[in-house]
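J.: Contents of final.txt (compact mmCIF, C-alpha atoms) are below:
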# COMPACT_ATOMS: atom_id res chain seq x y z
CA MET A 1 18.96 -7.31 -21.97
CA ALA A 2 17.39 -7.99 -18.58
CA SER A 3 16.24 -11.51 -17.73
CA ILE A 4 14.49 -13.28 -14.85
CA ARG A 5 16.31 -16.06 -13.03
CA LEU A 6 14.45 -18.42 -10.66
CA VAL A 7 16.28 -18.80 -7.34
CA SER A 8 13.91 -20.94 -5.25
CA ARG A 9 10.33 -22.13 -4.87
CA THR A 10 8.93 -23.02 -1.42
CA THR A 11 5.57 -24.10 0.02
CA ILE A 12 4.48 -21.98 2.99
CA HIS A 13 2.26 -23.57 5.65
CA LEU A 14 0.38 -22.20 8.63
CA PRO A 15 2.55 -21.85 11.75
CA GLU A 16 -0.08 -23.73 13.74
CA LYS A 17 -3.30 -25.64 13.14
CA THR A 18 -6.68 -23.91 13.04
CA GLU A 19 -10.13 -25.22 13.90
CA ARG A 20 -11.70 -24.16 10.61
CA SER A 21 -12.21 -27.14 8.28
CA ARG A 22 -14.06 -25.55 5.34
CA TRP A 23 -14.97 -22.16 3.90
CA GLU A 24 -18.09 -21.86 1.77
CA LEU A 25 -18.12 -20.01 -1.53
CA THR A 26 -20.88 -17.58 -2.52
CA VAL A 27 -22.56 -17.35 -5.92
CA THR A 28 -20.47 -14.30 -6.91
CA GLU A 29 -17.32 -16.32 -6.19
CA VAL A 30 -18.32 -19.48 -8.04
CA ALA A 31 -19.07 -17.32 -11.09
CA THR A 32 -15.39 -16.31 -11.30
CA LEU A 33 -14.01 -19.85 -11.64
CA PRO A 34 -13.21 -19.45 -15.39
CA LEU A 35 -11.28 -16.21 -14.76
CA HIS A 36 -7.57 -15.88 -14.07
CA TYR A 37 -6.06 -15.32 -10.66
CA ILE A 38 -5.64 -11.68 -9.63
CA GLN A 39 -2.03 -10.65 -10.31
CA MET A 40 -0.90 -7.39 -8.75
CA GLY A 41 2.17 -6.18 -6.93
CA LEU A 42 4.36 -3.31 -5.87
CA LEU A 43 7.83 -2.08 -6.78
CA PHE A 44 9.84 -1.02 -3.72
CA PRO A 45 13.22 0.63 -3.19
CA LYS A 46 15.92 -1.88 -2.35
CA PRO A 47 16.22 -2.55 1.41
CA SER A 48 19.54 -2.02 3.14
CA THR A 49 19.27 -5.56 4.53
CA ALA A 50 20.77 -8.41 2.50
CA PHE A 51 18.25 -9.80 0.02
CA ASP A 52 18.47 -13.36 1.39
CA ALA A 53 17.43 -12.07 4.81
CA VAL A 54 14.62 -10.02 3.24
CA ALA A 55 13.28 -13.11 1.46
CA GLN A 56 13.47 -15.22 4.60
CA GLY A 57 11.62 -12.58 6.61
CA LEU A 58 8.90 -12.40 3.99
CA GLN A 59 8.41 -16.16 4.16
CA THR A 60 8.01 -16.06 7.93
CA SER A 61 5.60 -13.12 7.91
CA LEU A 62 3.55 -14.71 5.09
CA SER A 63 3.11 -17.86 7.18
CA HIS A 64 1.85 -15.80 10.13
CA CYS A 65 -0.41 -13.73 7.85
CA LEU A 66 -2.06 -16.91 6.56
CA LEU A 67 -3.08 -17.67 10.14
CA HIS A 68 -5.51 -14.73 9.82
CA PHE A 69 -6.66 -15.97 6.38
CA PRO A 70 -6.37 -19.77 6.84
CA PHE A 71 -8.60 -20.68 3.89
CA LEU A 72 -5.96 -19.23 1.54
CA SER A 73 -3.70 -22.11 2.54
CA GLY A 74 -6.32 -24.67 1.43
CA ARG A 75 -7.65 -25.95 -1.88
CA LEU A 76 -11.01 -25.93 -3.66
CA ALA A 77 -13.23 -28.98 -3.19
CA THR A 78 -16.71 -30.20 -4.09
CA ASP A 79 -18.84 -32.29 -1.74
CA ALA A 80 -21.42 -34.97 -2.56
CA GLU A 81 -24.13 -32.32 -2.90
CA THR A 82 -22.02 -30.42 -5.50
CA THR A 83 -21.40 -27.56 -3.11
CA ILE A 84 -18.09 -25.89 -3.95
CA PHE A 85 -16.03 -24.86 -0.94
CA VAL A 86 -12.47 -24.47 0.30
CA ASP A 87 -11.00 -27.41 2.13
CA CYS A 88 -8.87 -25.75 4.82
CA ASN A 89 -6.31 -28.55 4.70
CA ASP A 90 -3.21 -26.33 4.82
CA ALA A 91 -1.88 -27.66 1.52
CA GLY A 92 0.04 -24.41 1.54
CA ALA A 93 0.81 -21.24 -0.37
CA GLN A 94 3.64 -20.85 -2.86
CA PHE A 95 6.64 -18.57 -2.30
CA VAL A 96 9.02 -17.87 -5.18
CA VAL A 97 12.34 -16.00 -5.07
CA ALA A 98 13.75 -14.64 -8.34
CA LYS A 99 16.48 -12.33 -9.59
CA ALA A 100 16.07 -9.82 -12.44
CA ASP A 101 19.60 -9.52 -13.75
CA GLY A 102 20.36 -6.14 -15.31
CA LEU A 103 16.93 -4.62 -14.54
CA HIS A 104 16.61 -1.28 -12.72
CA ALA A 105 13.57 0.37 -11.18
CA SER A 106 13.83 3.19 -13.71
CA ASP A 107 13.43 0.66 -16.55
CA LEU A 108 9.91 0.04 -15.24
CA MET A 109 8.95 3.51 -14.05
CA ASN A 110 10.16 5.48 -17.06
CA ALA A 111 8.88 3.18 -19.80
CA VAL A 112 6.09 4.56 -22.01
CA HIS A 113 4.52 1.11 -22.32
CA VAL A 114 4.57 -1.50 -19.57
CA PRO A 115 7.56 -3.79 -20.34
CA LEU A 116 6.71 -7.41 -21.07
CA ILE A 117 9.21 -8.55 -18.42
CA VAL A 118 6.70 -7.41 -15.75
CA ARG A 119 4.65 -10.51 -16.53
CA SER A 120 7.55 -12.59 -15.24
CA PHE A 121 7.18 -11.03 -11.78
CA PHE A 122 4.11 -13.15 -11.05
CA PRO A 123 3.89 -16.91 -10.37
CA MET A 124 1.29 -19.27 -11.83
CA ASP A 125 0.84 -17.22 -15.00
CA GLY A 126 -2.14 -18.49 -16.99
CA ALA A 127 -3.80 -20.25 -14.03
CA ILE A 128 -7.56 -19.83 -13.73
CA ASN A 129 -9.55 -19.96 -10.50
CA TYR A 130 -10.86 -23.43 -11.30
CA ASP A 131 -7.26 -24.67 -11.03
CA GLY A 132 -7.48 -24.00 -7.29
CA TYR A 133 -8.57 -27.62 -6.85
CA THR A 134 -4.90 -28.57 -7.30
CA LEU A 135 -2.88 -25.33 -7.35
CA PRO A 136 -2.20 -23.02 -4.38
CA LEU A 137 -4.86 -20.39 -3.83
CA VAL A 138 -2.18 -17.77 -3.27
CA ALA A 139 1.35 -17.56 -4.66
CA VAL A 140 3.84 -14.72 -4.23
CA GLN A 141 7.09 -13.93 -5.96
CA VAL A 142 9.81 -11.69 -4.59
CA THR A 143 12.09 -10.48 -7.38
CA GLU A 144 15.39 -8.71 -6.71
CA LEU A 145 16.20 -5.91 -9.15
CA GLU A 146 19.55 -4.16 -9.34
CA ASP A 147 18.21 -1.30 -7.22
CA GLY A 148 14.81 -2.47 -6.02
CA VAL A 149 12.50 -5.29 -5.01
CA PHE A 150 9.21 -6.26 -6.63
CA ILE A 151 6.63 -8.23 -4.64
CA GLY A 152 4.06 -9.82 -6.92
CA CYS A 153 1.04 -11.75 -5.69
CA SER A 154 -1.22 -14.15 -7.59
CA LEU A 155 -4.43 -14.71 -5.62
CA ASN A 156 -7.35 -16.90 -6.65
CA HIS A 157 -10.11 -14.49 -7.72
CA ALA A 158 -12.80 -16.79 -6.26
CA MET A 159 -11.23 -16.07 -2.87
CA ALA A 160 -10.96 -12.32 -3.16
CA ASP A 161 -11.88 -9.25 -5.17
CA GLY A 162 -9.67 -6.17 -5.36
CA GLU A 163 -10.75 -4.87 -1.94
CA SER A 164 -9.88 -8.17 -0.26
CA PHE A 165 -6.69 -8.64 -2.30
CA TRP A 166 -5.19 -5.44 -0.93
CA HIS A 167 -6.55 -6.21 2.54
CA PHE A 168 -4.48 -9.40 2.51
CA PHE A 169 -1.43 -7.79 0.90
CA ASN A 170 -1.37 -4.86 3.35
CA SER A 171 -1.90 -7.20 6.33
CA TRP A 172 1.15 -9.19 5.23
CA SER A 173 3.19 -6.00 4.97
CA GLU A 174 2.20 -4.97 8.51
CA LEU A 175 3.44 -8.24 9.99
CA ASN A 176 6.66 -8.09 7.99
CA ALA A 177 7.27 -4.54 9.21
CA GLY A 178 7.12 -5.74 12.82
CA ARG A 179 3.53 -5.40 14.00
CA GLU A 180 2.45 -8.15 16.39
CA THR A 181 -0.92 -8.54 14.68
CA ILE A 182 -2.81 -7.08 11.74
CA SER A 183 -4.75 -3.82 12.10
CA ARG A 184 -7.88 -5.02 10.27
CA PRO A 185 -8.87 -8.62 11.00
CA PRO A 186 -10.95 -10.03 8.10
CA LEU A 187 -14.63 -10.79 8.48
CA ILE A 188 -14.74 -14.37 7.25
CA GLU A 189 -18.06 -15.55 8.69
CA ARG A 190 -20.65 -15.79 5.93
CA ALA A 191 -23.92 -16.39 7.75
CA GLN A 192 -25.55 -13.27 6.27
CA ILE A 193 -24.66 -14.17 2.68
CA HIS A 194 -25.77 -17.77 2.93
CA LYS A 195 -28.95 -16.85 4.77
CA GLU A 196 -29.84 -14.65 1.81
CA LEU A 197 -28.70 -16.94 -1.01
CA GLY A 198 -28.47 -20.42 0.39
CA GLN A 199 -25.47 -22.60 -0.31
CA VAL A 200 -24.25 -22.62 -3.89
CA ARG A 201 -24.78 -26.02 -5.49
CA PHE A 202 -23.22 -25.96 -8.90
CA PRO A 203 -22.34 -29.21 -10.69
CA LEU A 204 -19.11 -28.13 -12.38
CA SER A 205 -16.58 -29.99 -14.47
CA GLU A 206 -13.57 -29.16 -16.62
CA HIS A 207 -15.53 -29.27 -19.89
CA ARG A 208 -17.76 -26.41 -18.65
CA ILE A 209 -14.75 -24.16 -18.09
CA GLU A 210 -13.62 -22.08 -21.04
CA ARG A 211 -9.96 -21.09 -20.87
CA PHE A 212 -9.16 -17.71 -22.37
CA LYS A 213 -6.35 -17.16 -24.86
CA LEU A 214 -4.86 -13.73 -24.36
CA PRO A 215 -4.08 -11.71 -27.50
CA ALA A 216 -0.85 -9.78 -28.02
CA LEU A 217 -1.56 -6.49 -26.26
CA ARG A 218 0.18 -3.21 -25.62
CA GLU A 219 -0.19 -1.81 -22.11
CA ARG A 220 0.19 1.77 -20.99
CA ILE A 221 -0.50 3.59 -17.74
CA PHE A 222 -2.15 6.98 -18.30
CA CYS A 223 -1.80 9.39 -15.36
CA PHE A 224 -4.53 11.93 -14.60
CA SER A 225 -4.00 14.71 -12.06
CA ALA A 226 -6.67 15.71 -9.56
CA GLN A 227 -7.09 19.02 -11.43
CA SER A 228 -7.66 17.39 -14.83
CA ILE A 229 -10.16 14.93 -13.34
CA ALA A 230 -12.06 17.78 -11.64
CA ARG A 231 -12.13 19.54 -15.00
CA ILE A 232 -13.67 16.66 -16.95
CA LYS A 233 -16.06 15.87 -14.09
CA ALA A 234 -17.35 19.43 -14.16
CA LYS A 235 -17.61 19.28 -17.96
CA ALA A 236 -19.57 16.00 -17.84
CA ASN A 237 -21.99 17.28 -15.19
CA GLU A 238 -22.49 20.57 -17.03
CA ARG A 239 -23.55 18.77 -20.21
CA SER A 240 -25.57 15.96 -18.65
CA LYS A 241 -29.27 16.01 -17.86
CA LEU A 242 -29.39 14.10 -14.60
CA GLN A 243 -32.61 13.84 -12.63
CA ARG A 244 -30.77 13.09 -9.38
CA GLY A 245 -27.23 12.87 -8.06
CA GLU A 246 -24.14 13.87 -10.00
CA ILE A 247 -21.66 12.18 -12.27
CA SER A 248 -18.68 10.97 -10.26
CA SER A 249 -15.01 11.51 -11.12
CA LEU A 250 -14.66 7.86 -12.12
CA GLN A 251 -17.79 7.92 -14.30
CA ALA A 252 -16.49 11.00 -16.13
CA LEU A 253 -13.04 9.45 -16.63
CA VAL A 254 -14.44 6.10 -17.77
CA GLY A 255 -16.83 7.89 -20.11
CA LEU A 256 -13.83 9.66 -21.65
CA MET A 257 -11.92 6.40 -22.15
CA TRP A 258 -14.95 4.55 -23.52
CA ARG A 259 -15.37 7.24 -26.16
CA THR A 260 -11.70 7.58 -27.09
CA ILE A 261 -11.02 3.82 -27.26
CA THR A 262 -14.14 3.30 -29.36
CA ARG A 263 -13.00 6.04 -31.73
CA ALA A 264 -9.49 4.56 -31.93
CA ARG A 265 -10.97 1.21 -32.97
CA LYS A 266 -12.68 2.78 -36.01
CA LEU A 267 -15.84 0.72 -35.54
CA GLN A 268 -18.93 1.01 -37.71
CA ALA A 269 -21.58 3.46 -36.48
CA ASP A 270 -24.26 0.76 -36.21
CA GLN A 271 -22.10 -1.59 -34.11
CA THR A 272 -22.93 -2.04 -30.45
CA THR A 273 -20.27 -1.25 -27.88
CA ALA A 274 -20.47 -1.96 -24.16
CA CYS A 275 -18.73 -0.68 -21.06
CA LYS A 276 -18.57 -3.26 -18.27
CA LEU A 277 -17.79 -1.85 -14.86
CA ALA A 278 -16.81 -4.32 -12.13
CA ALA A 279 -18.79 -2.98 -9.18
CA GLY A 280 -18.31 -3.86 -5.53
CA LEU A 281 -21.40 -5.12 -3.72
CA ARG A 282 -20.50 -4.57 -0.06
CA LYS A 283 -22.49 -1.35 0.13
CA ARG A 284 -25.17 -2.54 -2.29
CA VAL A 285 -26.50 -5.61 -0.47
CA ASP A 286 -28.99 -5.31 2.39
CA PRO A 287 -27.79 -5.23 5.08
CA THR A 288 -24.49 -3.79 3.92
CA LEU A 289 -21.15 -5.50 4.49
CA PRO A 290 -18.05 -3.84 6.00
CA ARG A 291 -14.84 -3.34 4.03
CA GLU A 292 -13.32 -6.13 6.11
CA TYR A 293 -15.70 -8.71 4.62
CA PHE A 294 -13.30 -11.06 2.84
CA GLY A 295 -14.30 -12.58 -0.46
CA SER A 296 -15.05 -11.89 -4.11
CA CYS A 297 -18.05 -9.63 -3.77
CA MET A 298 -18.59 -7.97 -7.15
CA LEU A 299 -20.74 -7.95 -10.27
CA PRO A 300 -20.33 -6.39 -13.73
CA PHE A 301 -22.60 -3.43 -14.49
CA LEU A 302 -23.26 -3.26 -18.23
CA THR A 303 -23.87 -0.09 -20.27
CA GLU A 304 -24.48 -0.46 -24.01
CA ALA A 305 -24.67 2.03 -26.86
CA LYS A 306 -24.43 2.19 -30.61
CA VAL A 307 -21.01 3.44 -31.72
CA GLY A 308 -22.57 6.29 -33.71
CA GLU A 309 -24.57 7.46 -30.70
CA LEU A 310 -21.63 7.24 -28.27
CA LEU A 311 -19.35 9.26 -30.54
CA GLY A 312 -22.06 11.55 -31.90
CA GLN A 313 -22.99 12.78 -28.42
CA ASP A 314 -20.64 14.53 -25.97
CA LEU A 315 -18.79 13.34 -22.87
CA GLY A 316 -21.75 14.24 -20.66
CA TRP A 317 -23.98 11.76 -22.51
CA ALA A 318 -21.50 8.89 -22.09
CA ALA A 319 -20.89 9.64 -18.41
CA GLN A 320 -24.63 10.00 -17.76
CA SER A 321 -25.28 6.61 -19.35
CA LEU A 322 -22.76 5.04 -16.97
CA HIS A 323 -24.23 6.92 -14.01
CA GLU A 324 -27.76 5.76 -14.80
CA THR A 325 -26.60 2.14 -15.11
CA VAL A 326 -25.02 2.28 -11.65
CA LEU A 327 -28.20 3.76 -10.16
CA ARG A 328 -30.42 1.19 -11.85
CA GLU A 329 -28.28 -1.81 -10.93
CA THR A 330 -27.91 -0.63 -7.35
CA THR A 331 -31.68 -0.21 -7.02
CA ASN A 332 -32.33 -3.66 -8.51
CA MET A 333 -29.76 -5.43 -6.37
CA GLY A 334 -31.62 -8.21 -4.62
CA ARG A 335 -31.91 -11.94 -4.20
CA GLN A 336 -33.27 -12.57 -7.71
CA ARG A 337 -30.45 -10.57 -9.34
CA LEU A 338 -27.79 -12.44 -7.41
CA MET A 339 -29.29 -15.87 -7.96
CA ASN A 340 -29.27 -15.35 -11.74
CA ILE A 341 -25.50 -14.91 -11.93
CA GLN A 342 -23.84 -17.07 -14.59
CA LEU A 343 -20.26 -18.24 -15.04
CA TYR A 344 -18.09 -15.62 -16.71
CA GLY A 345 -17.43 -16.54 -20.34
CA ALA A 346 -15.19 -15.47 -23.22
CA ASN A 347 -18.09 -13.72 -24.96
CA GLY A 348 -17.94 -11.07 -22.25
CA PHE A 349 -14.64 -9.77 -23.63
CA GLU A 350 -15.46 -8.86 -27.21
CA SER A 351 -13.13 -6.48 -29.02
CA SER A 352 -15.80 -3.77 -29.27
CA ASN A 353 -16.15 -3.54 -25.49
CA VAL A 354 -14.37 -1.82 -22.64
CA ARG A 355 -14.03 -3.49 -19.24
CA VAL A 356 -13.18 -1.51 -16.11
CA ALA A 357 -11.88 -3.12 -12.91
CA ASN A 358 -10.18 -2.12 -9.65
CA SER A 359 -10.71 1.17 -7.87
CA GLN A 360 -8.87 4.34 -6.93
CA TRP A 361 -10.09 3.72 -3.38
CA PHE A 362 -8.12 0.50 -2.88
CA GLU A 363 -5.17 1.00 -0.55
CA MET A 364 -2.55 -0.05 -3.07
CA TYR A 365 0.12 2.30 -1.74
CA GLY A 366 -0.69 1.46 1.88
CA SER A 367 1.81 -1.39 1.99
CA ASP A 368 5.10 -0.89 3.83
CA PHE A 369 7.06 -4.07 4.44
CA GLY A 370 9.60 -2.20 6.55
CA TRP A 371 11.69 -0.44 3.92
CA GLY A 372 9.38 2.32 2.67
CA LYS A 373 6.27 2.79 0.59
CA GLY A 374 5.87 1.36 -2.88
CA LEU A 375 7.15 3.21 -5.94
CA ALA A 376 4.72 1.79 -8.51
CA VAL A 377 1.77 -0.59 -8.79
CA LEU A 378 2.07 -3.09 -11.64
CA SER A 379 0.03 -6.12 -12.69
CA GLY A 380 0.60 -9.38 -14.53
CA SER A 381 -1.05 -10.73 -17.66
CA ALA A 382 -4.08 -12.16 -15.84
CA ASN A 383 -7.55 -11.18 -17.07
CA LYS A 384 -6.18 -8.74 -19.63
CA PHE A 385 -8.12 -8.36 -22.83
CA ASP A 386 -8.38 -5.84 -25.63
CA GLY A 387 -10.17 -2.93 -23.97
CA ASP A 388 -9.23 -3.74 -20.39
CA ILE A 389 -8.87 -0.75 -18.04
CA SER A 390 -7.54 -1.08 -14.50
CA VAL A 391 -8.20 1.87 -12.18
CA LEU A 392 -5.33 2.69 -9.82
CA PRO A 393 -4.87 5.44 -7.23
CA GLY A 394 -2.46 8.09 -8.43
CA LYS A 395 0.94 8.21 -6.81
CA GLY A 396 0.74 12.01 -6.66
CA GLU A 397 -1.64 14.31 -4.86
CA GLY A 398 -4.98 13.15 -3.46
CA GLY A 399 -7.66 12.73 -6.08
CA SER A 400 -5.32 11.73 -8.90
CA MET A 401 -5.88 8.45 -10.77
CA ASP A 402 -3.86 6.19 -13.03
CA LEU A 403 -5.51 4.02 -15.67
CA GLU A 404 -3.69 0.94 -16.93
CA VAL A 405 -5.08 0.41 -20.43
CA CYS A 406 -4.62 -2.75 -22.53
CA LEU A 407 -5.27 -2.61 -26.27
CA LEU A 408 -4.25 -4.20 -29.53
CA PRO A 409 -1.05 -2.43 -30.68
CA HIS A 410 -2.62 -0.56 -33.61
CA VAL A 411 -5.53 0.61 -31.43
CA MET A 412 -3.15 1.86 -28.74
CA ALA A 413 -1.21 3.80 -31.38
CA ALA A 414 -4.44 5.49 -32.50
CA LEU A 415 -5.56 6.19 -28.92
CA GLU A 416 -2.28 7.93 -28.14
CA LEU A 417 -3.08 10.45 -30.91
CA ASP A 418 -6.74 11.02 -29.92
CA GLU A 419 -7.29 14.78 -29.53
CA GLU A 420 -9.95 14.50 -26.82
CA LEU A 421 -7.65 12.35 -24.66
CA LEU A 422 -4.56 14.45 -25.39
CA ASP A 423 -6.42 17.60 -24.30
CA VAL A 424 -7.09 16.03 -20.87
CA LEU A 425 -3.56 14.64 -20.50
CA LEU A 426 -2.10 18.02 -21.44
CA HIS A 427 -3.64 19.46 -18.27
CA SER A 428 -2.50 16.55 -16.06
Here is the file; what I need is its structure written in the form of structure tokens.
T.:
Amino acid sequence: MASIRLVSRTTIHLPEKTERSRWELTVTEVATLPLHYIQMGLLFPKPSTAFDAVAQGLQTSLSHCLLHFPFLSGRLATDAETTIFVDCNDAGAQFVVAKADGLHASDLMNAVHVPLIVRSFFPMDGAINYDGYTLPLVAVQVTELEDGVFIGCSLNHAMADGESFWHFFNSWSELNAGRETISRPPLIERAQIHKELGQVRFPLSEHRIERFKLPALRERIFCFSAQSIARIKAKANERSKLQRGEISSLQALVGLMWRTITRARKLQADQTTACKLAAGLRKRVDPTLPREYFGSCMLPFLTEAKVGELLGQDLGWAAQSLHETVLRETTNMGRQRLMNIQLYGANGFESSNVRVANSQWFEMYGSDFGWGKGLAVLSGSANKFDGDISVLPGKGEGGSMDLEVCLLPHVMAALELDEELLDVLLHS
């Protein structure tokens, strides 16, 4: 049986001092403090270079990458006016080297359900963003497999959303592959955000932070081809009654999963179920922000329905409900909406709900550390609840998507037999 063996743990500092002393947090970032760190990473083929040299090179390139993202080497702090910010004190990032004895890449790629050992590929498991007052804001682990290398990254979610996470990860890979500088410097000035919202003053203490206890879940990655997605998108649009626009591929796919998971749970018809979609705000604020804006810039968009109505109607109805929520929330995005954001709490992850995060547009397979593109995207245990769906770009042809789904074991077993889902997968 494969096992993980810790080889070393090192603190990585900036290669030189920077002038920046603090980095202000926005209201959307403070709201994430009770959540876990983001934990995502890539499986790579094994480099021809000796692993010790690979690990040393990754340490050096990480240090130089932090020079472009210096706040990630700091720690959270609160000033006398209760403004939460990052103290850019270069307390350092964490770098872990590990060995997975007896584990092969095929053990991960060919498994029906995501093996539990994957959780051991990520440092600081269980840490929440609030812990960034004392823990590193970013920690990486490089794990040597028998025939591969896994690079896992745990990044404080108050520092970055999915867009910014992969911006940082891909920038690190560029430097490790030999580029002199990164191709997309981050936009880290926040004058526009703070002009709109003002500084976030939020008296916060440990007793206000609710730590989540993760249930025993089964995880599976469902792969959808571009052709099957086009098919259900066309089906959803054909049966919907939209006044404007069209149902997107993601809305159709999420509508499918919301219905099939709800059916697998065998809920009562009069129960309320919700689909929470983590939506990026860069293109929804005025003026808009570029992709290079670095931070945690997202909000959950909530769609609710009675179980009987969701399952009694067709896919077009579910997808249309999601589409209309996105239109409504985008239209209402303004100062008042943003200023009313509350801390995320455990009641947002009830077992009748579905939560959707990440995006097929994130450049997850854009990373090349110098020994080829990644073989598979995998994530740790962070922020995983019953009903959690993570959207990933497909490894295959353009337009394909993978959905990492986390459910209670008996619900997953029922979902895997759902005829509506099986019909779509059959054509993938």
J.: Need to verify the contact set: segment 68-84 of chain A, 8 Å, only C-alpha atoms, exclusion of same-chain residues closer than 5 positions in sequence. Can you return it as a PDB file with C-alpha atoms, in the coordinates of the input?
T.:
ATOM      1  CA  HIS A  13       2.260 -23.570   5.650  1.00  0.00           C
ATOM      2  CA  LEU A  14       0.380 -22.200   8.630  1.00  0.00           C
ATOM      3  CA  THR A  18      -6.680 -23.910  13.040  1.00  0.00           C
ATOM      4  CA  ARG A  20     -11.700 -24.160  10.610  1.00  0.00           C
ATOM      5  CA  ARG A  22     -14.060 -25.550   5.340  1.00  0.00           C
ATOM      6  CA  TRP A  23     -14.970 -22.160   3.900  1.00  0.00           C
ATOM      7  CA  GLU A  24     -18.090 -21.860   1.770  1.00  0.00           C
ATOM      8  CA  LEU A  25     -18.120 -20.010  -1.530  1.00  0.00           C
ATOM      9  CA  VAL A  30     -18.320 -19.480  -8.040  1.00  0.00           C
ATOM     10  CA  ASN A  89      -6.310 -28.550   4.700  1.00  0.00           C
ATOM     11  CA  ASP A  90      -3.210 -26.330   4.820  1.00  0.00           C
ATOM     12  CA  ALA A  91      -1.880 -27.660   1.520  1.00  0.00           C
ATOM     13  CA  GLY A  92       0.040 -24.410   1.540  1.00  0.00           C
ATOM     14  CA  ALA A  93       0.810 -21.240  -0.370  1.00  0.00           C
ATOM     15  CA  GLY A 132      -7.480 -24.000  -7.290  1.00  0.00           C
ATOM     16  CA  TYR A 133      -8.570 -27.620  -6.850  1.00  0.00           C
ATOM     17  CA  THR A 134      -4.900 -28.570  -7.300  1.00  0.00           C
ATOM     18  CA  LEU A 135      -2.880 -25.330  -7.350  1.00  0.00           C
ATOM     19  CA  PRO A 136      -2.200 -23.020  -4.380  1.00  0.00           C
ATOM     20  CA  LEU A 137      -4.860 -20.390  -3.830  1.00  0.00           C
ATOM     21  CA  VAL A 138      -2.180 -17.770  -3.270  1.00  0.00           C
ATOM     22  CA  MET A 159     -11.230 -16.070  -2.870  1.00  0.00           C
ATOM     23  CA  PHE A 168      -4.480  -9.400   2.510  1.00  0.00           C
ATOM     24  CA  PRO A 185      -8.870  -8.620  11.000  1.00  0.00           C
ATOM     25  CA  PRO A 186     -10.950 -10.030   8.100  1.00  0.00           C
ATOM     26  CA  GLN A 199     -25.470 -22.600  -0.310  1.00  0.00           C
ATOM     27  CA  VAL A 200     -24.250 -22.620  -3.890  1.00  0.00           C
ATOM     28  CA  ARG A 201     -24.780 -26.020  -5.490  1.00  0.00           C
ATOM     29  CA  PHE A 202     -23.220 -25.960  -8.900  1.00  0.00           C
ATOM     30  CA  PRO A 203     -22.340 -29.210 -10.690  1.00  0.00           C
ATOM     31  CA  LEU A 204     -19.110 -28.130 -12.380  1.00  0.00           C
TER      32      LEU A 204
END
J.: Given the choices A:Cys223, A:Ser351, A:Ile188, A:Asn340, which gets closest to Leu426 of chain A if the distance is worked out from all atoms listed in the file?
T.: A:Cys223
J.: Can you tell me how far atom CA of Glu163 of chain A sits from atom CA of Pro45 of chain A, in Å to one decimal?
T.: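 Interatomic distance, atom CA of Glu163 of chain A to atom CA of Pro45 of chain A: 24.6 Å.
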J.: Tell me which residues come within 10 Å of (-13.1, -0.4, -19.1), as a list of chain:residue names, counting all atoms listed in the file in the file's coordinates.
T.: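 Result, sorted by chain then residue number: A:Val254, A:Gly255, A:Met257, A:Trp258, A:Ile261, A:Ala274, A:Cys275, A:Lys276, A:Leu277, A:Ala278, A:Asn353, A:Val354, A:Arg355, A:Val356, A:Ala357, A:Asp386, A:Gly387, A:Asp388, A:Ile389, A:Ser390, A:Val391, A:Leu403, A:Glu404, A:Val405, A:Cys406.
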J.: Using all atoms listed in the file, which of A:Leu302, A:Leu322, A:Val140, A:Leu267 sits nearest Gln251 of chain A?
T.: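 Under the stated criterion, the closest residue is A:Leu322.
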J.: Go through A:Cys297, A:Ala279, A:Leu289, A:Ala230 and flag the residue nearest Ala160 of chain A, using all atoms listed in the file for the distances.
T.: A:Cys297
J.: Quick one: what's the axis-aligned box for segment 383-399 of chain A, all listed atoms, 8 Å on every side, centre and edges in Å to one decimal, as lines of an AutoDock Vina configuration file?
T.:
center_x = -4.6
center_y = 1.6
center_z = -14.5
size_x = 27.1
size_y = 41.5
size_z = 38.2
J.: With distances taken over only C-alpha atoms, which residue among A:Phe150, A:Met412, A:Leu250, A:Lys283 lies nearest Ile232 of chain A?
T.: A:Leu250
J.: Please determine, counting only C-alpha atoms, which residue among A:Glu416, A:Glu29, A:Glu144, A:Asp286 has the shortest atom-to-atom distance to Ala50 of chain A.
T.: A:Glu144
J.: Report, in Å to a single decimal, how far apart atom CA of Ser400 of chain A and atom CA of Met364 of chain A are.
T.: 13.4 Å
J.: Between A:Gly178, A:Ser321, A:Gln342, A:Leu299, which residue has the minimum interatomic distance to Leu33 of chain A, considering all atoms listed in the file?
T.: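 Among the listed residues, the smallest separation from Leu33 of chain A belongs to A:Gln342.
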J.: Between atom CA of Glu420 of chain A and atom CA of Thr260 of chain A, what is the distance, to one decimal in Å?
T.: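 These two atoms are separated by 7.1 Å.
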J.: Quick one: residues within 12 Å of Arg5 of chain A, all atoms listed in the file counted, chain neighbours fewer than 5 positions away excluded, as a count of residues only?
T.: 16
J.: Considering only C-alpha atoms, return as a list in words whatever protein or nucleic-acid residues lie within 10 Å of Met109 of chain A, sequence-local ones (same chain, fewer than 2 positions apart) excluded.
T.: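 Final neighbour list, sorted by chain and number: Leu43, His104, Ala105, Ser106, Asp107, Ala111, Val112, His113, Val114, Pro115, Leu375, Ala376, Val377 and Leu378 of chain A.
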J.: I need the residues from that last selection saved to file as a tab-separated table (two decimals), in the coordinates of the input (with C-alpha atoms), if you can.
T.:
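New file selection-v1.tsv:
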chain	number	residue	atom	x	y	z
A	43	LEU	CA	7.83	-2.08	-6.78
A	104	HIS	CA	16.61	-1.28	-12.72
A	105	ALA	CA	13.57	0.37	-11.18
A	106	SER	CA	13.83	3.19	-13.71
A	107	ASP	CA	13.43	0.66	-16.55
A	111	ALA	CA	8.88	3.18	-19.80
A	112	VAL	CA	6.09	4.56	-22.01
A	113	HIS	CA	4.52	1.11	-22.32
A	114	VAL	CA	4.57	-1.50	-19.57
A	115	PRO	CA	7.56	-3.79	-20.34
A	375	LEU	CA	7.15	3.21	-5.94
A	376	ALA	CA	4.72	1.79	-8.51
A	377	VAL	CA	1.77	-0.59	-8.79
A	378	LEU	CA	2.07	-3.09	-11.64
